[in-house]
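Pasted below: upload_20.txt, compact mmCIF, C-alpha atoms.
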# COMPACT_ATOMS: atom_id res chain seq x y z
CA MET A 1 -28.28 36.05 -27.73
CA CYS A 2 -27.73 32.38 -27.13
CA ASP A 3 -26.13 30.14 -29.69
CA LYS A 4 -28.47 27.68 -31.33
CA GLN A 5 -27.30 24.11 -31.10
CA LYS A 6 -28.41 21.24 -33.23
CA LEU A 7 -29.93 18.76 -30.82
CA ASN A 8 -29.49 15.04 -31.20
CA PRO A 9 -33.04 13.65 -31.03
CA VAL A 10 -31.94 10.31 -29.59
CA ASN A 11 -30.01 12.01 -26.79
CA GLU A 12 -33.01 14.19 -26.01
CA LEU A 13 -35.29 11.15 -25.94
CA GLU A 14 -32.90 9.44 -23.54
CA ARG A 15 -32.98 12.53 -21.33
CA ILE A 16 -36.79 12.41 -21.26
CA ARG A 17 -36.61 8.71 -20.51
CA ALA A 18 -34.26 9.32 -17.57
CA PHE A 19 -36.62 11.94 -16.13
CA ALA A 20 -39.55 9.53 -16.46
CA VAL A 21 -37.60 6.80 -14.66
CA ALA A 22 -36.73 9.20 -11.85
CA ALA A 23 -40.33 10.37 -11.60
CA GLY A 24 -41.46 6.75 -11.45
CA TYR A 25 -39.38 6.23 -8.32
CA LEU A 26 -40.80 9.38 -6.76
CA SER A 27 -44.45 8.69 -7.60
CA THR A 28 -46.88 8.09 -4.79
CA THR A 29 -49.31 5.65 -6.37
CA GLY A 30 -48.97 2.43 -8.26
CA LYS A 31 -50.99 3.86 -11.15
CA GLU A 32 -48.58 6.81 -11.52
CA ALA A 33 -45.60 4.48 -11.47
CA THR A 34 -47.21 2.22 -14.08
CA LEU A 35 -47.93 5.17 -16.39
CA LEU A 36 -44.38 6.45 -16.05
CA HIS A 37 -42.90 3.03 -16.78
CA GLU A 38 -45.11 2.84 -19.87
CA LEU A 39 -43.77 6.26 -20.88
CA VAL A 40 -40.21 4.96 -20.47
CA ASP A 41 -41.02 2.04 -22.77
CA LEU A 42 -42.61 4.34 -25.38
CA VAL A 43 -39.66 6.72 -25.38
CA GLY A 44 -37.29 3.78 -25.76
CA GLU A 45 -39.29 2.53 -28.74
CA ILE A 46 -39.23 6.00 -30.35
CA ALA A 47 -35.45 6.19 -29.87
CA ARG A 48 -35.01 2.73 -31.39
CA LYS A 49 -37.10 3.67 -34.42
CA ALA A 50 -35.15 6.91 -34.83
CA LEU A 51 -31.89 4.97 -34.83
CA GLU A 52 -33.27 2.50 -37.37
CA HIS A 53 -34.38 5.39 -39.57
CA GLU A 54 -30.90 6.91 -39.40
CA GLY A 55 -29.39 3.54 -40.29
CA VAL A 56 -27.56 3.16 -36.98
CA LEU A 57 -29.34 -0.08 -36.08
Mind converting the file's structure to structure tokens?
Amino acid sequence: MCDKQKLNPVNELERIRAFAVAAGYLSTTGKEATLLHELVDLVGEIARKALEHEGVL
């Protein structure tokens, strides 16, 4: 069995954000790129709110 690790939500959000940025560069249409950049902004906002909630910011 694999060991269960406690994931850091902010790190995981940053990982999702990095994948969205990479996908934005690989997208074929302007609309896809726009949607992915909006996703990057949303993930960044979620991470910021999570840090505020934890008292880091």
Among the residues A:Leu26, A:Glu14, A:Lys31, A:Phe19, the one that comes closest to Gly44 (chain A) [using all atoms listed in the file]: A:Glu14
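Those residues that approach Gly24 (chain A) to within 9 Å, counting all atoms listed in the file, are Phe19, Ala20, Val21, Ala22, Leu26, Ser27, Thr28, Glu32, Ala33, Thr34, Leu35, Leu36 and His37 of chain A; same-chain residues fewer than 2 positions away are not listed.
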Selection: 12 Å around Asn11 (chain A), all atoms listed in the file, excl. self and same-chain fewer than 3 positions, as a PyMOL selection string: chain A and resi 6-8+14-18+43-44+46-48+50-51
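When CA of Leu39 (chain A) is paired with CA of Val56 (chain A), their separation reads 23.1 Å.
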